[in-house]
Amino acid sequence: MTTKTTSKKCAHCLLDVKENSAIKIEQDGEILYFCCHGCMSVYGLIHESGLDSFYIRRSDWKEGGVDSARVSDELFEEDLTEAEGECSIDVVLSGVRCSSCIWLVENFFRKDENVSYVRVNYATHKARVRWKKGAMTLGSVLEKFRSLGYPPMPVNKGGRNSVLEEERKDYFYRFSIGSFFAMNVMLYTFAMYAGYFQGMDEGMKRFFKILSWVLATPVMFYSGYPFIINSFKSVRNRVLNMDVLVFLGSFSSYLYSISAVFSDREVYFDTTCMIITLILLGRFIETGAKLRHSGAVTRLLSYQPQTVRVIHDFDAAAYAEGRLEAVLVPVKSVKTDDFLEVLPGSSVPADGTVVYGESEIDESMLTGESSPVFKTEGADVFAGTANLNGSIVIKCVQAGSGTVLSRIVKAVEEAQAEKAPIQNLADSIVGWFVPTIITIAAATFGWWYFRTGSGLEGLMNAVSVLVIACPCALGLATPLAVMIATTKTASIGALVRSGEVMETLSRINCWCFDKTGTITKGEMKVADVHDFGSNRTLTLAASVERYSSHLISKAVTDYYEGEFLAADNFREIPGNGVEADINGKRIRAGKLKFIAEHADVTTEMRELHDYFSAKGHTVAAVSEDNEPLGFILLSDSVRDEAAHTLKGLISNGCKILILTGDSRKAADKLIDTLGVKGIECMAEVTPFEKAEMIRKLKSEGYRVAMVGDGINDAPALTEADAGIAMGKGTDIAIESADAVLMRSDLSVILKLNKTAKKTFAVIKENLFWAFSYNFIAVPLAVTGKIHPIFSAAFMAVSSLIVVFNSMRINSKG
């Protein structure tokens, strides 16, 4: 006699496990079974942490044991960042099966007082954790993930698009199987329809019905599996989604057809097959579009080489004589201050400065500028750009995740993850849409049944209602458009930080511009030095200015060829100038009004200052204690594309205002040079006055964008509805901005503005289509005007219309 072995469910992963081989523990008077020690350990950890509600919350859990994959901690080091006393790491989690996994990970980490932030993205399985520096090690953070059964993988190894790739592959397989069987079912269905008119033996007809049933079953339960499982998950979560409608429509026609096989009625297995197959086709195309556009920016990382040529103990003379050889090492091992050899035809492996050689570099993948840029010693180069025709040696400044390219990819991905405010409308509607459609379908069945006495007609019309309704179009309307738009703006040389910024940019009707470095090229050069007799004006000014990153300071420092004097107590006053102590005396350089607050400036000096300003010079005054020493005259040229850009914005009905700290006469000279009518210019304004002016414009009803590049622009960039920084500006300006121009070309603003307007025009079209489609299609289905098969086709097409309409954002028109 054979004893039957019963099976139990693992208390953690829900896998079936034989009772006699299971690991058993007793807890609160109940016997718990586990398939392995890993699951038992994770269960105990969750229980001890007071997170048992995880097991109640999980409703769409995929059965499977604890993932034991392990990657060396060293591979995570390049993704570790430190800032403001905190450490941060991004990882991709393996083993995430449902939204409850996200809840568990986040709540488990939040219970640790050393963790200040944790977020897990369900779509990509990417997790970000921040913790107090010194309180935890990288290894202990990674071990926390592993202890829960979610082994972390490095972001660059985990694959940013793997989720979409797997999803698309799964849809392809299910669609292929579904379409094969569906075509065969349609053949037998046509035969039965022909037999209805021309006569068919009842035995043959019954055989065709059973054969159709057999062929439709794999379509229903294999191809339709995602809809079945997601429907049950949705019901358990009490949040009904589109899959519920597809399942109810296809399964009800499947069940009816089974009963019809034994009651001599017409079968509708073809309806079941075509509903599932057509919707899978739509999902497959839709996922492909998402994958293509979400991966466009990420693929930039593939431009970085996997190996790099490192030169140890670099010496230019020894290298030129051929006495130094480069060693090939993995790019991950590159560190700051390493010397890297970049040969013609290869990619630059890290951000750095050229220390030997010269070459042309193709930076188009980074800036959108097609013309190669000539680089010589002292020039900056960036990871991922292509070295065209010369051997160079660079000194590494940033490697790995710290490079400009990596930061661009990260920022764009975060922008694509952020919701635009207009998305809230669609989200609020989708929440009650499915329950409403189910109610309408039930009412349709009841109305037709009592009106005609035919349950079949009522069922077919109810199925049409269920299948034709499409909340997917509503859900896709905004995020897909924002994803494509942010990808496009990155390709033209503009980095937008979020979908909300895109929406704001589409509504801007007032553009404010800084002058120096924005309207002008920012290539300040000293034209002359007007000394009042001391012959120390340039020496003292350069000795103080060298501590500042301002364009004027850099120009003065570059112009000076002598020895710098030692300076103490340096201070920079944004919008005014700089000061420091040299040989016990206070040296100041900057605007005349700043100097006049501390020195005896005569009327003659003021008149001379105004004369130089009227000539178009930027004038920096210099003083020693209370004695004016002289003027340094600087010149800057207007950007070639500035006038065209400003004209374009004015033609779009926008107000243009230039804000500058220069004198009124210098500002008037700039307006004359631009030659564009309708521009207003405010001169001699401080950084805080710039911000105040923007507040005033906003109070007057304007939607204001500010474009700038310097420290003095940061308050205005923050105050504006949309702040745009020039990519070669200071770090604080870039950090304060909502968007960054990655190349110093103002015409990118026109393209950015056009893309933003087009994006939100497309979003409105998508939402209008989604609403209109349902308002028209559902009543037609209720009245019996549309067969369920056509309902499925229309539903799939409605989502694809949103997809293809969103792809118009990438068109050149």
# chains A, B, ... in the order shown; residues from 1 in each chain; ligands from 1
call {"tool": "residues_around", "arguments": {"residues": "stretch 435-449 of chain A", "least_positions_apart": "3", "cutoff": "8 Å", "atoms": "only C-alpha atoms", "output": "tab-separated table (two decimals) with all heavy atoms, in the first residue's frame"}}
result
chain	number	residue	atom	x	y	z
A	240	LEU	N	-9.34	47.74	-9.93
A	240	LEU	CA	-9.60	47.08	-11.20
A	240	LEU	C	-8.89	47.78	-12.34
A	240	LEU	O	-8.88	49.01	-12.41
A	240	LEU	CB	-11.12	47.06	-11.46
A	240	LEU	CG	-11.96	46.38	-10.36
A	240	LEU	CD1	-13.42	46.37	-10.76
A	240	LEU	CD2	-11.46	44.98	-10.08
A	245	LEU	N	-11.21	43.81	-17.83
A	245	LEU	CA	-12.17	43.91	-18.94
A	245	LEU	C	-11.86	42.88	-20.03
A	245	LEU	O	-12.75	42.23	-20.56
A	245	LEU	CB	-12.14	45.32	-19.54
A	245	LEU	CG	-12.45	46.48	-18.59
A	245	LEU	CD1	-12.44	47.80	-19.36
A	245	LEU	CD2	-13.78	46.28	-17.90
A	432	TRP	N	-11.73	55.09	-11.56
A	432	TRP	CA	-13.15	54.66	-11.53
A	432	TRP	C	-13.65	54.20	-12.89
A	432	TRP	O	-14.81	53.78	-13.03
A	432	TRP	CB	-14.05	55.80	-11.02
A	432	TRP	CG	-13.92	57.11	-11.74
A	432	TRP	CD1	-13.22	58.21	-11.35
A	432	TRP	CD2	-14.54	57.47	-13.00
A	432	TRP	NE1	-13.34	59.22	-12.26
A	432	TRP	CE2	-14.16	58.80	-13.30
A	432	TRP	CE3	-15.36	56.81	-13.92
A	432	TRP	CZ2	-14.56	59.47	-14.45
A	432	TRP	CZ3	-15.77	57.47	-15.06
A	432	TRP	CH2	-15.37	58.78	-15.31
A	452	THR	N	-35.14	41.32	-25.48
A	452	THR	CA	-35.26	40.35	-26.57
A	452	THR	C	-35.49	38.92	-26.08
A	452	THR	O	-35.85	38.05	-26.87
A	452	THR	CB	-33.99	40.36	-27.44
A	452	THR	OG1	-32.88	39.91	-26.65
A	452	THR	CG2	-33.70	41.76	-27.96
A	453	GLY	N	-35.21	38.70	-24.81
A	453	GLY	CA	-35.31	37.34	-24.29
A	453	GLY	C	-34.15	36.47	-24.72
A	453	GLY	O	-34.14	35.27	-24.45
A	454	SER	N	-33.14	37.07	-25.36
A	454	SER	CA	-31.99	36.32	-25.86
A	454	SER	C	-30.77	36.59	-24.98
A	454	SER	O	-30.23	37.70	-24.98
A	454	SER	CB	-31.69	36.71	-27.31
A	454	SER	OG	-30.44	36.17	-27.72
A	455	GLY	N	-30.36	35.55	-24.24
A	455	GLY	CA	-29.15	35.71	-23.44
A	455	GLY	C	-27.91	35.83	-24.29
A	455	GLY	O	-26.95	36.50	-23.92
A	457	GLU	N	-27.55	37.33	-27.32
A	457	GLU	CA	-27.38	38.70	-27.83
A	457	GLU	C	-26.93	39.63	-26.72
A	457	GLU	O	-26.05	40.49	-26.91
A	457	GLU	CB	-28.69	39.18	-28.44
A	457	GLU	CG	-28.54	40.45	-29.27
A	457	GLU	CD	-29.78	40.76	-30.09
A	457	GLU	OE1	-30.78	40.03	-29.96
A	457	GLU	OE2	-29.72	41.74	-30.86
A	458	GLY	N	-27.51	39.46	-25.53
A	458	GLY	CA	-27.10	40.28	-24.40
A	458	GLY	C	-25.65	40.04	-24.03
A	458	GLY	O	-24.90	40.98	-23.74
A	459	LEU	N	-25.23	38.76	-24.06
A	459	LEU	CA	-23.85	38.43	-23.72
A	459	LEU	C	-22.88	39.02	-24.72
A	459	LEU	O	-21.85	39.61	-24.33
A	459	LEU	CB	-23.69	36.91	-23.67
A	459	LEU	CG	-22.26	36.41	-23.38
A	459	LEU	CD1	-21.81	36.86	-22.00
A	459	LEU	CD2	-22.18	34.90	-23.52
A	461	ASN	N	-23.19	41.61	-26.68
A	461	ASN	CA	-23.13	43.07	-26.55
A	461	ASN	C	-22.38	43.49	-25.28
A	461	ASN	O	-21.65	44.47	-25.26
A	461	ASN	CB	-24.53	43.67	-26.57
A	461	ASN	CG	-25.20	43.54	-27.93
A	461	ASN	OD1	-24.52	43.43	-28.95
A	461	ASN	ND2	-26.52	43.54	-27.96
A	462	ALA	N	-22.58	42.72	-24.20
A	462	ALA	CA	-21.86	43.01	-22.96
A	462	ALA	C	-20.36	42.79	-23.16
A	462	ALA	O	-19.53	43.56	-22.69
A	462	ALA	CB	-22.38	42.13	-21.82
A	463	VAL	N	-20.01	41.70	-23.88
A	463	VAL	CA	-18.60	41.44	-24.20
A	463	VAL	C	-18.02	42.58	-25.01
A	463	VAL	O	-16.88	43.03	-24.78
A	463	VAL	CB	-18.45	40.10	-24.96
A	463	VAL	CG1	-17.04	39.95	-25.52
A	463	VAL	CG2	-18.77	38.93	-24.04
A	465	VAL	N	-18.89	45.70	-24.95
A	465	VAL	CA	-18.68	46.84	-24.04
A	465	VAL	C	-17.39	46.66	-23.24
A	465	VAL	O	-16.57	47.58	-23.11
A	465	VAL	CB	-19.88	47.01	-23.09
A	465	VAL	CG1	-19.56	48.04	-22.01
A	465	VAL	CG2	-21.12	47.42	-23.86
A	466	LEU	N	-17.21	45.44	-22.70
A	466	LEU	CA	-16.02	45.18	-21.88
A	466	LEU	C	-14.74	45.36	-22.68
A	466	LEU	O	-13.75	45.91	-22.20
A	466	LEU	CB	-16.09	43.76	-21.32
A	466	LEU	CG	-17.15	43.49	-20.25
A	466	LEU	CD1	-17.24	42.00	-19.98
A	466	LEU	CD2	-16.83	44.24	-18.97
A	469	ALA	N	-13.84	49.20	-24.37
A	469	ALA	CA	-13.42	50.29	-23.48
A	469	ALA	C	-11.91	50.26	-23.31
A	469	ALA	O	-11.30	49.20	-23.21
A	469	ALA	CB	-14.11	50.14	-22.12
A	782	VAL	N	-22.99	49.21	-26.57
A	782	VAL	CA	-24.22	48.98	-25.78
A	782	VAL	C	-25.40	48.70	-26.71
A	782	VAL	O	-26.23	47.83	-26.44
A	782	VAL	CB	-24.51	50.19	-24.88
A	782	VAL	CG1	-25.91	50.08	-24.26
A	782	VAL	CG2	-23.46	50.28	-23.77
call {"tool": "closest_atom_pairs", "arguments": {"of": "stretch 563-585 of chain A", "to": "stretch 524-546 of chain A", "cutoff": "9 Å", "atoms": "only C-alpha atoms", "output": "Markdown table"}}
result
| residue | atom | partner | partner_atom | distance |
| --- | --- | --- | --- | --- |
| A:Glu563 | CA | A:Thr539 | CA | 8.0 |
| A:Phe564 | CA | A:Ser543 | CA | 5.0 |
| A:Leu565 | CA | A:Ser543 | CA | 5.5 |
| A:Ala566 | CA | A:Ser543 | CA | 7.2 |
| A:Ala567 | CA | A:Val544 | CA | 6.6 |
| A:Asp568 | CA | A:Val544 | CA | 8.9 |
| A:Phe570 | CA | A:Val544 | CA | 7.3 |
| A:Gly577 | CA | A:Glu545 | CA | 9.0 |
| A:Val578 | CA | A:Glu545 | CA | 6.9 |
| A:Glu579 | CA | A:Val544 | CA | 6.6 |
| A:Ala580 | CA | A:Val544 | CA | 6.1 |
| A:Asp581 | CA | A:Val544 | CA | 8.4 |
| A:Ile582 | CA | A:Leu540 | CA | 8.0 |
call {"tool": "residues_around", "arguments": {"residues": "A:Thr489", "least_positions_apart": "2", "cutoff": "9 Å", "atoms": "only C-alpha atoms", "output": "number ranges by chain"}}
result
A: 484-487, 491-496, 748, 751-752, 755-756
call {"tool": "residues_around", "arguments": {"residues": "A:Leu343", "least_positions_apart": "4", "cutoff": "8 Å", "atoms": "only C-alpha atoms", "output": "PyMOL selection string"}}
result
chain A and resi 387+390-392
call {"tool": "atom_distance", "arguments": {"atom1": "atom CA of A:Leu14", "atom2": "atom CA of A:Phe251"}}
result
26.4 Å
call {"tool": "closest_residue", "arguments": {"among": "A:Tyr225, A:Phe790, A:Tyr33, A:Trp769", "to": "A:Cys13", "atoms": "only C-alpha atoms"}}
result
A:Tyr33
call {"tool": "atom_distance", "arguments": {"atom1": "atom CA of A:Leu592", "atom2": "atom CA of A:Val622"}}
result
8.3 Å
call {"tool": "atom_distance", "arguments": {"atom1": "atom CA of A:Cys87", "atom2": "atom CA of A:His125"}}
result
20.2 Å
